[in-house]
Amino acid sequence: MITLSHISVSFGASVLALDDLSLTIPSGQYVVVVGPNGSGKTTLLNVIAGALLPRSGAVFFEDRDVTRLVEHRRSRWVARVFQNPLSGTAPELSILENFRLASLRTSHAGLRIGVNAAFRGLVRDRIATLGMGLENKVDQLMGTLSGGQRQALTLLMSVMDKTDVLLLDEPTAALDPRSSELVLRTADALISQYRLTALLITHNLKDAHTYGSRLIQMSSGRIVRDLSSDVKAALDLPSLFSWFS
Amino acid sequence: MEFYLSAFVLGLCLSCVSLGIFISMKIFRIPDITTDGSYTLGAVVTALCLTHHWSPFLTMPIVFASGCCAGFLTGIVHTKLRVDALLAGILVMTALYSVNLVLLGRSNVPLIDVSTFSGLANIAVFVCVLVVLLSFLLRTDFGIAMRAVGNSESMTRALGINNDFMKIIGLGLANALTALGGFLVAQYQNFTDINMGIGIVITGLGSVLIGDRLVSWFHIRPILLQLLMMIAGSLVFQFVLAFTLSIGVDPNLLKLVTSLFVLVIVGIPLIRLRRAT
């Protein structure tokens with residue numbers, strides 16, 4: 001469970017990115033966040049990830065206060081997929097090496113060769129589930145893959161080690177429709193398979209309608225609409241579109 | 001012939017410096033010019049230990065540690081005080097000049113009548129062992145994390161890697177290797193001079209650039225071979241300088257020739273690219 005209590009974030013003196021925002025996300029819930037640019041969606045995600053320190057308020061994972069924990073320490077519980085496919089992977093490392101690092105997210109990288117035959121087999125099996133034919137290319141450099149392939153692999157990487165929370169910041173913004181669908185379907189499958197608490201930011205209202213078990217609309221750093229699972233299921237696409245007109 | 005042989009030995013000695021620059025520039029993408037200072041520091045510590053009749057094998061780890069400290073310092077100034085890497089390097093390098101002078105006591109110390117670690121075979125074995133150890137390190141989980149930090153900081157941060165810590169360790173390692181270069185050269189030339197480090201960063205940089213060109217020409221992926229190419233780069237560099245001297249160029253112009261040569265290596269791909277388009 002993630003609890004945000006009275007979070008305010010400001011950039012400079014005048015810009016209030018999050019305005020006294022409180023939010024509780026129960027374990028295993030898949031929250032979709034929509035809202036115009038500058039409404040504070042990404043800021044919200046960064047506060048949960050620990051990339052941004054709020055000016056006031058507190059962040060709890062279960063009942064542990066993590067407000068002061070920096071991003072690389074909070075990563076013990078949190079996996080992220082970035083908007084830019086380049087941000088989530090290291091282009092000059094092989095797919096295998098990228099996965100190796102991902103599998104060490106909650107532990108320390110020690111002085112031993114971890115990329116062995118057993119690990120190679122494990123990664124191949126995981127990648128094969130994507131059905132993209134990448135399982136035979138695990139020695140290829142990550143930088144040689146397309147944005148869609150890299151996002152899909154970043155998703156798989158996020159469950160290579162124990163994960164509680166998955167943060168998806170417009171993961172499909174840079175992708176074509178087919179790749180987008182693959183990435184979001186993969187995310188959906190992983191979230192239910194590993195019972196992850198997940199947050200998806202998207203500008204695609206169709207995706208917001210299709211995925212997730214709770215829908216939040218943000219505006220000017222506040223939550224203006226919060227639809228629970230049943231209400232969201234009953235929501236039709238035209239009325240969702242009407243929120244933004 | 002002997003002329004080129006000494007260029008070969010010097011190239012091997014200085015390949016430690018190019019390995020150091022490979023770590024800071026290619027792996028971490030940090031332009032680190034602490035090099036001039038840590039190279040001299042290595043030679044100064046070598047002179048101190050050897051003139052006190054300590055064994056070269058005992059001197060070796062002490063030199064390594066001294067270079068490490070210099071690199072840690074640059075790393076801490078860069079990451080914790082948020083000072084630009086280039087400036088952090090200049091600060092530490094400048095400070096090291098005084099440190100070196102105080103340690104050495106005078107500007108030049110000859111290393112005669114002391115047991116030294118020199119000779120082609122010794123140096124070759126030393127460099128080989130170094131390369132094997134380094135290639136092992138870079139293939140471990142820790143090494144993969146190091147390489148990732150220079151590649152995608154947002155990724156490593158999200159994967160729980162402390163980027164600042166990694167950079168400090170990396171700069172420490174880079175400067176420890178550079179100091180070992182000073183260790184070898186001081187014993188090879190039988191003296192330590194306070195000014196011997198001036199411009200060594202350009203030598204190292206040039207060697208790495210040549211090595212890097214070889215790596216991309218031959219599409220080399222294995223880390224071990226990449227490291228060997230850095231050594232090849234260092235050898236080529238010294239051969240070119242030896243050749244320049246052999247055709248009668250004034251030795252006073254050697255640093256100018258060095259800079260021009262590096263400029264040419266940097267420039268070649270651009271010129272070729274322009275011709276292709």
# chains A, B, ... in the order shown; residues from 1 in each chain; ligands from 1

$ interface_residues --of "chain A" --to "chain B" --cutoff "7 Å" --atoms "only C-alpha atoms" --output "ChimeraX atom specification"
/A:71-73,75-76,79-80,87-92,97,101-102,105-106,109-114

$ residues_around --residues "segment 224-226 of chain B" --least-positions-apart "2" --cutoff "12 Å" --atoms "only C-alpha atoms" --output "PyMOL selection string"
chain B and resi 18-19+22-23+26-27+128-139+208-222+228-233

$ select_by_dssp --residues "segment 102-275 of chain B" --states "strand (DSSP E)" --output "ChimeraX atom specification"
/B:108-110,191-193

$ residues_around --residues "segment 68-75 of chain B" --least-positions-apart "3" --cutoff "9 Å" --atoms "only C-alpha atoms" --output "count of residues only"
34

$ select_by_dssp --residues "segment 9-242 of chain A" --states "alpha helix (DSSP H)" --output "PyMOL selection string"
chain A and resi 41-49+71-74+95-102+117-128+147-158+177-193+205-210+229-234+237-242

$ atom_distance --atom1 "atom CA of Leu235 of chain A" --atom2 "atom CA of Ser220 of chain A"
23.4 Å

$ atom_distance --atom1 "atom CA of Leu167 of chain A" --atom2 "atom CA of Phe99 of chain A"
18.0 Å

$ atom_distance --atom1 "atom CA of Glu62 of chain A" --atom2 "atom CA of Asp169 of chain A"
22.2 Å

$ decode --residues "segment 30-141 of chain B" --atoms "C-alpha atoms" --output "mmCIF file, in the first residue's frame"
data_model
loop_
_atom_site.group_PDB
_atom_site.id
_atom_site.type_symbol
_atom_site.label_atom_id
_atom_site.label_comp_id
_atom_site.auth_asym_id
_atom_site.auth_seq_id
_atom_site.Cartn_x
_atom_site.Cartn_y
_atom_site.Cartn_z
ATOM 1 C CA ILE B 30 34.023 11.836 -17.214
ATOM 2 C CA PRO B 31 36.788 14.063 -18.623
ATOM 3 C CA ASP B 32 39.207 13.566 -15.745
ATOM 4 C CA ILE B 33 42.454 15.504 -15.834
ATOM 5 C CA THR B 34 43.613 14.644 -12.348
ATOM 6 C CA THR B 35 45.880 12.391 -14.440
ATOM 7 C CA ASP B 36 48.804 14.846 -14.649
ATOM 8 C CA GLY B 37 48.920 15.009 -10.863
ATOM 9 C CA SER B 38 48.260 11.373 -10.034
ATOM 10 C CA TYR B 39 50.845 10.177 -12.569
ATOM 11 C CA THR B 40 53.519 12.311 -10.899
ATOM 12 C CA LEU B 41 52.197 11.260 -7.490
ATOM 13 C CA GLY B 42 52.777 7.638 -8.469
ATOM 14 C CA ALA B 43 56.350 8.428 -9.510
ATOM 15 C CA VAL B 44 56.976 10.501 -6.359
ATOM 16 C CA VAL B 45 55.708 7.768 -4.039
ATOM 17 C CA THR B 46 57.836 5.280 -5.986
ATOM 18 C CA ALA B 47 60.929 7.440 -5.482
ATOM 19 C CA LEU B 48 60.201 7.843 -1.774
ATOM 20 C CA CYS B 49 59.726 4.117 -1.187
ATOM 21 C CA LEU B 50 62.637 2.948 -3.316
ATOM 22 C CA THR B 51 65.129 5.451 -1.880
ATOM 23 C CA HIS B 52 64.159 4.113 1.542
ATOM 24 C CA HIS B 53 65.128 0.710 0.122
ATOM 25 C CA TRP B 54 61.650 -0.722 0.200
ATOM 26 C CA SER B 55 60.947 -3.520 -2.237
ATOM 27 C CA PRO B 56 59.287 -2.505 -5.530
ATOM 28 C CA PHE B 57 56.637 -5.136 -4.788
ATOM 29 C CA LEU B 58 55.769 -3.397 -1.550
ATOM 30 C CA THR B 59 55.893 -0.035 -3.335
ATOM 31 C CA MET B 60 53.367 -1.182 -5.943
ATOM 32 C CA PRO B 61 50.270 -1.351 -3.672
ATOM 33 C CA ILE B 62 51.288 1.876 -1.936
ATOM 34 C CA VAL B 63 51.445 3.658 -5.298
ATOM 35 C CA PHE B 64 48.077 2.141 -6.230
ATOM 36 C CA ALA B 65 46.542 3.404 -2.987
ATOM 37 C CA SER B 66 48.001 6.891 -3.408
ATOM 38 C CA GLY B 67 46.563 7.214 -6.923
ATOM 39 C CA CYS B 68 43.249 5.884 -5.616
ATOM 40 C CA CYS B 69 43.130 8.643 -2.986
ATOM 41 C CA ALA B 70 43.764 11.316 -5.610
ATOM 42 C CA GLY B 71 40.911 9.920 -7.728
ATOM 43 C CA PHE B 72 38.567 9.611 -4.740
ATOM 44 C CA LEU B 73 39.232 13.264 -4.007
ATOM 45 C CA THR B 74 38.316 14.342 -7.530
ATOM 46 C CA GLY B 75 35.262 12.060 -7.380
ATOM 47 C CA ILE B 76 34.084 13.486 -4.071
ATOM 48 C CA VAL B 77 34.578 17.082 -5.215
ATOM 49 C CA HIS B 78 32.707 16.281 -8.440
ATOM 50 C CA THR B 79 29.770 14.323 -7.019
ATOM 51 C CA LYS B 80 29.276 15.642 -3.497
ATOM 52 C CA LEU B 81 30.120 19.305 -4.069
ATOM 53 C CA ARG B 82 28.538 19.242 -7.549
ATOM 54 C CA VAL B 83 31.627 20.772 -9.135
ATOM 55 C CA ASP B 84 32.071 20.247 -12.863
ATOM 56 C CA ALA B 85 34.262 17.178 -13.471
ATOM 57 C CA LEU B 86 36.798 19.123 -15.492
ATOM 58 C CA LEU B 87 37.165 21.768 -12.775
ATOM 59 C CA ALA B 88 37.303 19.145 -10.017
ATOM 60 C CA GLY B 89 40.174 17.474 -11.885
ATOM 61 C CA ILE B 90 42.040 20.758 -12.340
ATOM 62 C CA LEU B 91 41.633 21.581 -8.640
ATOM 63 C CA VAL B 92 42.999 18.253 -7.468
ATOM 64 C CA MET B 93 45.747 18.247 -10.090
ATOM 65 C CA THR B 94 46.906 21.716 -9.020
ATOM 66 C CA ALA B 95 46.822 20.776 -5.353
ATOM 67 C CA LEU B 96 48.770 17.596 -6.101
ATOM 68 C CA TYR B 97 51.632 19.639 -7.565
ATOM 69 C CA SER B 98 52.355 21.078 -4.118
ATOM 70 C CA VAL B 99 51.766 17.731 -2.431
ATOM 71 C CA ASN B 100 54.232 16.088 -4.805
ATOM 72 C CA LEU B 101 56.818 18.796 -4.250
ATOM 73 C CA VAL B 102 56.541 18.513 -0.470
ATOM 74 C CA LEU B 103 56.708 14.709 -0.599
ATOM 75 C CA LEU B 104 59.694 14.647 -2.923
ATOM 76 C CA GLY B 105 61.495 17.502 -1.136
ATOM 77 C CA ARG B 106 63.154 18.698 -4.332
ATOM 78 C CA SER B 107 62.295 18.772 -7.988
ATOM 79 C CA ASN B 108 64.293 15.749 -9.110
ATOM 80 C CA VAL B 109 65.318 12.486 -7.440
ATOM 81 C CA PRO B 110 67.537 9.965 -9.248
ATOM 82 C CA LEU B 111 66.767 6.272 -8.730
ATOM 83 C CA ILE B 112 70.223 4.742 -8.918
ATOM 84 C CA ASP B 113 71.692 2.146 -6.581
ATOM 85 C CA VAL B 114 68.178 1.004 -5.654
ATOM 86 C CA SER B 115 66.412 -2.175 -6.691
ATOM 87 C CA THR B 116 63.831 -1.348 -9.325
ATOM 88 C CA PHE B 117 61.008 -3.121 -11.123
ATOM 89 C CA SER B 118 62.027 -2.699 -14.730
ATOM 90 C CA GLY B 119 63.047 -4.618 -17.829
ATOM 91 C CA LEU B 120 60.827 -5.471 -20.762
ATOM 92 C CA ALA B 121 59.747 -8.892 -19.449
ATOM 93 C CA ASN B 122 58.753 -7.574 -16.026
ATOM 94 C CA ILE B 123 56.811 -4.668 -17.448
ATOM 95 C CA ALA B 124 55.072 -6.845 -20.047
ATOM 96 C CA VAL B 125 53.969 -9.351 -17.394
ATOM 97 C CA PHE B 126 52.838 -6.524 -15.130
ATOM 98 C CA VAL B 127 50.686 -4.955 -17.845
ATOM 99 C CA CYS B 128 49.238 -8.349 -18.831
ATOM 100 C CA VAL B 129 48.238 -9.144 -15.246
ATOM 101 C CA LEU B 130 46.687 -5.690 -14.956
ATOM 102 C CA VAL B 131 44.640 -6.179 -18.120
ATOM 103 C CA VAL B 132 43.400 -9.613 -17.036
ATOM 104 C CA LEU B 133 42.375 -8.326 -13.605
ATOM 105 C CA LEU B 134 40.677 -5.296 -15.122
ATOM 106 C CA SER B 135 38.794 -7.335 -17.689
ATOM 107 C CA PHE B 136 37.596 -9.660 -14.918
ATOM 108 C CA LEU B 137 36.450 -6.693 -12.835
ATOM 109 C CA LEU B 138 34.514 -5.187 -15.746
ATOM 110 C CA ARG B 139 32.687 -8.466 -16.372
ATOM 111 C CA THR B 140 31.545 -8.928 -12.770
ATOM 112 C CA ASP B 141 28.188 -7.646 -11.573
#
